[in-house]
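What follows is upload06.cif (mmCIF, C-alpha atoms and all ligand atoms).
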data_model
loop_
_atom_site.group_PDB
_atom_site.id
_atom_site.type_symbol
_atom_site.label_atom_id
_atom_site.label_comp_id
_atom_site.auth_asym_id
_atom_site.auth_seq_id
_atom_site.Cartn_x
_atom_site.Cartn_y
_atom_site.Cartn_z
ATOM 1 C CA MET T 1 -6.018 -1.411 -4.083
ATOM 2 C CA ALA T 2 -3.289 -3.211 -5.911
ATOM 3 C CA LEU T 3 -0.374 -5.279 -4.808
ATOM 4 C CA ARG T 4 2.742 -3.755 -6.322
ATOM 5 C CA GLU T 5 6.114 -5.300 -7.050
ATOM 6 C CA ILE T 6 8.865 -4.370 -4.598
ATOM 7 C CA LEU T 7 12.102 -3.335 -6.265
ATOM 8 C CA ILE T 8 15.098 -5.389 -5.155
ATOM 9 C CA LEU T 9 18.773 -4.439 -4.899
ATOM 10 C CA PRO T 10 20.634 -3.631 -7.197
ATOM 11 C CA ASP T 11 17.679 -1.996 -9.031
ATOM 12 C CA LYS T 12 18.923 1.480 -9.938
ATOM 13 C CA ARG T 13 15.514 3.052 -9.294
ATOM 14 C CA LEU T 14 16.168 2.534 -5.571
ATOM 15 C CA ARG T 15 18.918 5.149 -5.864
ATOM 16 C CA LYS T 16 16.610 7.871 -7.215
ATOM 17 C CA VAL T 17 15.937 10.908 -5.042
ATOM 18 C CA SER T 18 12.163 11.137 -4.619
ATOM 19 C CA GLU T 19 10.140 14.231 -5.505
ATOM 20 C CA PRO T 20 8.029 16.063 -2.922
ATOM 21 C CA VAL T 21 4.268 15.570 -3.135
ATOM 22 C CA LYS T 22 2.719 18.837 -4.339
ATOM 23 C CA LYS T 23 -0.919 17.954 -3.905
ATOM 24 C CA ILE T 24 -2.560 15.087 -2.045
ATOM 25 C CA ASP T 25 -4.921 14.050 -4.819
ATOM 26 C CA ALA T 26 -6.636 10.778 -5.758
ATOM 27 C CA GLY T 27 -3.406 9.515 -7.335
ATOM 28 C CA VAL T 28 -1.461 9.997 -4.103
ATOM 29 C CA ARG T 29 -4.236 8.395 -2.040
ATOM 30 C CA LYS T 30 -4.238 5.397 -4.404
ATOM 31 C CA LEU T 31 -0.452 5.178 -4.119
ATOM 32 C CA ILE T 32 -0.750 5.096 -0.313
ATOM 33 C CA GLU T 33 -3.405 2.352 -0.457
ATOM 34 C CA ASP T 34 -1.156 0.286 -2.728
ATOM 35 C CA MET T 35 1.791 0.864 -0.396
ATOM 36 C CA PHE T 36 -0.126 -0.395 2.648
ATOM 37 C CA GLU T 37 -1.382 -3.443 0.764
ATOM 38 C CA THR T 38 2.110 -4.240 -0.504
ATOM 39 C CA MET T 39 3.729 -3.600 2.900
ATOM 40 C CA TYR T 40 1.272 -5.797 4.834
ATOM 41 C CA GLU T 41 1.524 -8.584 2.256
ATOM 42 C CA ALA T 42 5.347 -8.641 2.296
ATOM 43 C CA PRO T 43 5.121 -8.442 5.386
ATOM 44 C CA GLY T 44 7.067 -5.386 6.436
ATOM 45 C CA ILE T 45 6.849 -2.593 9.003
ATOM 46 C CA GLY T 46 7.784 0.283 6.720
ATOM 47 C CA LEU T 47 7.793 1.125 3.024
ATOM 48 C CA ALA T 48 8.877 4.095 0.929
ATOM 49 C CA ALA T 49 7.042 4.781 -2.353
ATOM 50 C CA VAL T 50 10.300 4.521 -4.302
ATOM 51 C CA GLN T 51 10.485 0.837 -3.290
ATOM 52 C CA ILE T 52 7.477 0.169 -5.527
ATOM 53 C CA GLY T 53 8.914 2.339 -8.291
ATOM 54 C CA THR T 54 7.105 5.625 -7.579
ATOM 55 C CA SER T 55 9.695 8.211 -6.594
ATOM 56 C CA LYS T 56 7.458 10.429 -4.473
ATOM 57 C CA ARG T 57 8.220 11.406 -0.885
ATOM 58 C CA VAL T 58 5.696 9.113 0.792
ATOM 59 C CA VAL T 59 6.322 6.616 3.600
ATOM 60 C CA THR T 60 3.926 4.076 5.125
ATOM 61 C CA MET T 61 4.575 2.330 8.415
ATOM 62 C CA ASP T 62 2.947 0.032 10.951
ATOM 63 C CA LEU T 63 4.949 -0.869 14.026
ATOM 64 C CA ALA T 64 2.147 -2.776 15.788
ATOM 65 C CA LYS T 65 3.167 -6.213 17.036
ATOM 66 C CA LYS T 66 1.457 -9.310 15.602
ATOM 67 C CA GLU T 67 -1.041 -9.623 18.459
ATOM 68 C CA GLU T 68 -1.874 -5.902 18.430
ATOM 69 C CA PRO T 69 -4.466 -4.208 16.199
ATOM 70 C CA LYS T 70 -3.143 -2.625 13.027
ATOM 71 C CA SER T 71 -1.714 0.857 13.459
ATOM 72 C CA PRO T 72 -1.131 2.302 9.968
ATOM 73 C CA GLN T 73 0.845 5.552 9.786
ATOM 74 C CA VAL T 74 1.574 7.638 6.714
ATOM 75 C CA PHE T 75 4.191 10.366 6.360
ATOM 76 C CA ILE T 76 4.064 12.663 3.330
ATOM 77 C CA ASN T 77 7.125 14.830 2.560
ATOM 78 C CA PRO T 78 8.755 13.806 5.850
ATOM 79 C CA GLU T 79 11.775 15.791 6.887
ATOM 80 C CA ILE T 80 14.118 15.318 9.840
ATOM 81 C CA VAL T 81 14.354 18.655 11.658
ATOM 82 C CA TRP T 82 16.324 17.536 14.732
ATOM 83 C CA THR T 83 18.447 14.576 15.788
ATOM 84 C CA SER T 84 19.804 13.693 19.238
ATOM 85 C CA ASP T 85 23.523 13.357 19.918
ATOM 86 C CA GLU T 86 22.776 10.089 21.642
ATOM 87 C CA THR T 87 22.764 7.171 19.227
ATOM 88 C CA ALA T 88 21.183 3.723 19.191
ATOM 89 C CA ILE T 89 22.034 0.553 17.306
ATOM 90 C CA TYR T 90 19.313 -1.576 15.741
ATOM 91 C CA GLU T 91 19.572 -4.596 13.520
ATOM 92 C CA GLU T 92 17.923 -3.384 10.321
ATOM 93 C CA GLY T 93 16.499 -5.183 7.348
ATOM 94 C CA CYS T 94 14.770 -3.965 4.209
ATOM 95 C CA LEU T 95 12.087 -5.348 1.889
ATOM 96 C CA SER T 96 14.324 -4.328 -1.038
ATOM 97 C CA ILE T 97 17.250 -6.373 0.378
ATOM 98 C CA PRO T 98 15.491 -9.556 1.498
ATOM 99 C CA GLU T 99 16.878 -11.803 4.225
ATOM 100 C CA THR T 100 19.790 -9.479 4.898
ATOM 101 C CA TYR T 101 20.358 -7.786 8.230
ATOM 102 C CA GLY T 102 22.949 -5.476 9.701
ATOM 103 C CA ASP T 103 23.549 -3.368 12.800
ATOM 104 C CA VAL T 104 23.106 0.329 12.018
ATOM 105 C CA GLU T 105 23.942 3.155 14.402
ATOM 106 C CA ARG T 106 21.709 6.219 14.117
ATOM 107 C CA PRO T 107 20.570 9.093 16.340
ATOM 108 C CA ALA T 108 18.368 7.628 19.104
ATOM 109 C CA GLN T 109 15.781 10.409 18.866
ATOM 110 C CA VAL T 110 14.557 12.487 15.954
ATOM 111 C CA LYS T 111 11.992 15.153 15.300
ATOM 112 C CA VAL T 112 10.271 14.810 11.940
ATOM 113 C CA LYS T 113 7.833 17.148 10.284
ATOM 114 C CA TYR T 114 5.494 15.842 7.614
ATOM 115 C CA LEU T 115 2.063 16.193 6.064
ATOM 116 C CA ASP T 116 -0.795 13.898 7.022
ATOM 117 C CA LEU T 117 -3.368 12.487 4.563
ATOM 118 C CA GLU T 118 -5.413 15.700 4.813
ATOM 119 C CA GLY T 119 -2.365 17.790 3.984
ATOM 120 C CA ALA T 120 -2.027 19.185 7.503
ATOM 121 C CA GLN T 121 1.489 19.964 8.726
ATOM 122 C CA ARG T 122 2.404 17.743 11.667
ATOM 123 C CA ASP T 123 5.461 16.895 13.665
ATOM 124 C CA ILE T 124 6.441 13.894 15.670
ATOM 125 C CA GLU T 125 9.170 13.305 18.209
ATOM 126 C CA ALA T 126 10.282 9.712 17.957
ATOM 127 C CA ASN T 127 12.575 7.373 19.805
ATOM 128 C CA GLY T 128 13.215 3.624 19.801
ATOM 129 C CA LEU T 129 12.091 1.583 16.809
ATOM 130 C CA LEU T 130 9.983 4.456 15.412
ATOM 131 C CA ALA T 131 13.031 6.763 15.296
ATOM 132 C CA THR T 132 15.085 4.119 13.493
ATOM 133 C CA CYS T 133 12.279 3.300 11.061
ATOM 134 C CA LEU T 134 11.647 6.939 10.191
ATOM 135 C CA GLN T 135 15.339 7.469 9.462
ATOM 136 C CA HIS T 136 15.546 4.264 7.412
ATOM 137 C CA GLU T 137 12.513 5.251 5.304
ATOM 138 C CA ILE T 138 13.545 8.898 4.876
ATOM 139 C CA ASP T 139 16.929 7.590 3.701
ATOM 140 C CA HIS T 140 15.035 5.722 0.935
ATOM 141 C CA LEU T 141 13.537 9.038 -0.241
ATOM 142 C CA ASN T 142 17.094 10.263 -0.712
ATOM 143 C CA GLY T 143 18.270 7.134 -2.534
ATOM 144 C CA ILE T 144 20.103 5.810 0.527
ATOM 145 C CA LEU T 145 19.878 2.193 1.711
ATOM 146 C CA PHE T 146 20.694 0.820 5.165
ATOM 147 C CA ILE T 147 23.670 -1.055 3.722
ATOM 148 C CA ASP T 148 25.235 2.353 3.011
ATOM 149 C CA HIS T 149 25.651 2.667 6.792
ATOM 150 C CA LEU T 150 27.582 -0.628 7.036
ATOM 151 C CA SER T 151 31.321 -1.045 6.437
ATOM 152 C CA LYS T 152 32.397 -0.986 2.797
ATOM 153 C CA LEU T 153 33.417 -4.625 3.073
ATOM 154 C CA LYS T 154 29.968 -5.747 4.260
ATOM 155 C CA ARG T 155 28.163 -3.483 1.775
ATOM 156 C CA ASP T 156 30.208 -4.723 -1.205
ATOM 157 C CA ARG T 157 29.613 -8.330 -0.194
ATOM 158 C CA ILE T 158 25.818 -7.768 -0.061
ATOM 159 C CA ILE T 159 25.722 -5.862 -3.376
ATOM 160 C CA LYS T 160 27.782 -8.589 -5.048
ATOM 161 C CA LYS T 161 25.418 -11.298 -3.791
ATOM 162 C CA PHE T 162 22.317 -9.476 -5.055
ATOM 163 C CA THR T 163 23.919 -8.530 -8.381
ATOM 164 C CA LYS T 164 24.733 -12.201 -8.991
ATOM 165 C CA ALA T 165 21.189 -13.243 -8.052
ATOM 166 C CA ALA T 166 19.697 -10.636 -10.416
ATOM 167 C CA LYS T 167 21.912 -11.913 -13.257
ATOM 168 C CA ARG T 168 20.822 -15.477 -12.598
ATOM 169 C CA ALA T 169 17.182 -14.406 -12.691
ATOM 170 C CA GLY T 170 17.907 -12.830 -16.077
HETATM 171 ZN ZN ZN B 201 14.125 -0.280 3.450
#

As structure tokens - that is how I would like this structure written.
Ligand SMILES: [Zn+2]
Amino acid sequence: MALREILILPDKRLRKVSEPVKKIDAGVRKLIEDMFETMYEAPGIGLAAVQIGTSKRVVTMDLAKKEEPKSPQVFINPEIVWTSDETAIYEEGCLSIPETYGDVERPAQVKVKYLDLEGAQRDIEANGLLATCLQHEIDHLNGILFIDHLSKLKRDRIIKKFTKAAKRAG
């Protein structure tokens, strides 16, 4: 396993649309191992491959609380096939936009189909934090960040702050 660097706003690679995984080979399994290592180290509850610079449609997640045993989940080629009319608001953050949070309104329930590590087609009906997380991570696969769901004023302010910080870092 290898700890990978997490891309930070305004890195343009975060805006790339990720490619579907065609075959779950050793390379994809290694990518997933790296993603879990990087996600746990950060620490974060969800990570899309594009956040470590690999634009493949792979998402890792672990929503277990600190005192609970680890509960790693992986979603390959995830796709939202249904969303509820009912919505929910969660305060979201993102490893690619550190120490920045904002209330995002999304469908409260979603159905997602995806491939598991063995390449089997699965689906999951999610609500609560899992529903929000899945939508946040699937957004990443389409080059969308949670700040895109905020008002233009808030989004511009965040982008400006991170663009300045990136310039300072050279
Ligand atoms: Zn994110």

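Counting from atom CA of T:Tyr114, the distance to atom CA of T:Thr60 is 12.1 Å.
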
Quick one: residues within 10 Å of ligand ZN 201 (chain B), with all atoms listed in the file, as JSON, numbers by chain?
{"T": [14, 44, 45, 46, 47, 48, 50, 51, 92, 93, 94, 95, 96, 97, 98, 133, 135, 136, 137, 138, 139, 140, 144, 145, 146, 147]}

Considering only C-alpha atoms, can you say which of T:Lys30, T:Lys160, T:Arg155, T:Lys66 comes closest to T:Arg4?
T:Lys30

Residue with smallest distance to T:Ala26 - pool T:Asp148, T:Asp103, T:Glu118, T:Asp123, counting only C-alpha atoms
T:Glu118

Suppose a student applies the PyMOL selection byres (((chain T and resi 134) around 12) and not hetatm) to this structure; what residues should they get, written as a PDB file with C-alpha atoms, keeping the file's coordinate frame?
ATOM      1  CA  ILE T  45       6.849  -2.593   9.003  1.00  0.00           C
ATOM      2  CA  GLY T  46       7.784   0.283   6.720  1.00  0.00           C
ATOM      3  CA  LEU T  47       7.793   1.125   3.024  1.00  0.00           C
ATOM      4  CA  ALA T  48       8.877   4.095   0.929  1.00  0.00           C
ATOM      5  CA  VAL T  58       5.696   9.113   0.792  1.00  0.00           C
ATOM      6  CA  VAL T  59       6.322   6.616   3.600  1.00  0.00           C
ATOM      7  CA  THR T  60       3.926   4.076   5.125  1.00  0.00           C
ATOM      8  CA  MET T  61       4.575   2.330   8.415  1.00  0.00           C
ATOM      9  CA  ASP T  62       2.947   0.032  10.951  1.00  0.00           C
ATOM     10  CA  LEU T  63       4.949  -0.869  14.026  1.00  0.00           C
ATOM     11  CA  GLN T  73       0.845   5.552   9.786  1.00  0.00           C
ATOM     12  CA  VAL T  74       1.574   7.638   6.714  1.00  0.00           C
ATOM     13  CA  PHE T  75       4.191  10.366   6.360  1.00  0.00           C
ATOM     14  CA  ILE T  76       4.064  12.663   3.330  1.00  0.00           C
ATOM     15  CA  ASN T  77       7.125  14.830   2.560  1.00  0.00           C
ATOM     16  CA  PRO T  78       8.755  13.806   5.850  1.00  0.00           C
ATOM     17  CA  GLU T  79      11.775  15.791   6.887  1.00  0.00           C
ATOM     18  CA  ILE T  80      14.118  15.318   9.840  1.00  0.00           C
ATOM     19  CA  THR T  83      18.447  14.576  15.788  1.00  0.00           C
ATOM     20  CA  ARG T 106      21.709   6.219  14.117  1.00  0.00           C
ATOM     21  CA  PRO T 107      20.570   9.093  16.340  1.00  0.00           C
ATOM     22  CA  ALA T 108      18.368   7.628  19.104  1.00  0.00           C
ATOM     23  CA  GLN T 109      15.781  10.409  18.866  1.00  0.00           C
ATOM     24  CA  VAL T 110      14.557  12.487  15.954  1.00  0.00           C
ATOM     25  CA  LYS T 111      11.992  15.153  15.300  1.00  0.00           C
ATOM     26  CA  VAL T 112      10.271  14.810  11.940  1.00  0.00           C
ATOM     27  CA  LYS T 113       7.833  17.148  10.284  1.00  0.00           C
ATOM     28  CA  TYR T 114       5.494  15.842   7.614  1.00  0.00           C
ATOM     29  CA  ILE T 124       6.441  13.894  15.670  1.00  0.00           C
ATOM     30  CA  GLU T 125       9.170  13.305  18.209  1.00  0.00           C
ATOM     31  CA  ALA T 126      10.282   9.712  17.957  1.00  0.00           C
ATOM     32  CA  ASN T 127      12.575   7.373  19.805  1.00  0.00           C
ATOM     33  CA  GLY T 128      13.215   3.624  19.801  1.00  0.00           C
ATOM     34  CA  LEU T 129      12.091   1.583  16.809  1.00  0.00           C
ATOM     35  CA  LEU T 130       9.983   4.456  15.412  1.00  0.00           C
ATOM     36  CA  ALA T 131      13.031   6.763  15.296  1.00  0.00           C
ATOM     37  CA  THR T 132      15.085   4.119  13.493  1.00  0.00           C
ATOM     38  CA  CYS T 133      12.279   3.300  11.061  1.00  0.00           C
ATOM     39  CA  GLN T 135      15.339   7.469   9.462  1.00  0.00           C
ATOM     40  CA  HIS T 136      15.546   4.264   7.412  1.00  0.00           C
ATOM     41  CA  GLU T 137      12.513   5.251   5.304  1.00  0.00           C
ATOM     42  CA  ILE T 138      13.545   8.898   4.876  1.00  0.00           C
ATOM     43  CA  ASP T 139      16.929   7.590   3.701  1.00  0.00           C
ATOM     44  CA  HIS T 140      15.035   5.722   0.935  1.00  0.00           C
ATOM     45  CA  LEU T 141      13.537   9.038  -0.241  1.00  0.00           C
TER      46      LEU T 141
END

Of the listed residues T:Leu9, T:Ala42, T:Ala166, T:Met1, that which approaches T:Gly27 most closely, counting all atoms listed in the file
T:Met1

Kindly indicate which residue among T:Ile6, T:Ile89, T:Ile32, T:Ala169 lies nearest to T:Lys56, using only C-alpha atoms for the distances.
T:Ile32

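For the atom pair formed by atom CA of T:Ile24 and atom CA of T:Ala2, the distance is 18.7 Å, given to one decimal.
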
Report as a PyMOL selection string the residues that result from applying the PyMOL selection byres (((chain T and resi 10) around 7) and not hetatm) to the structure here.
chain T and resi 8-9+11-12+159+162-163
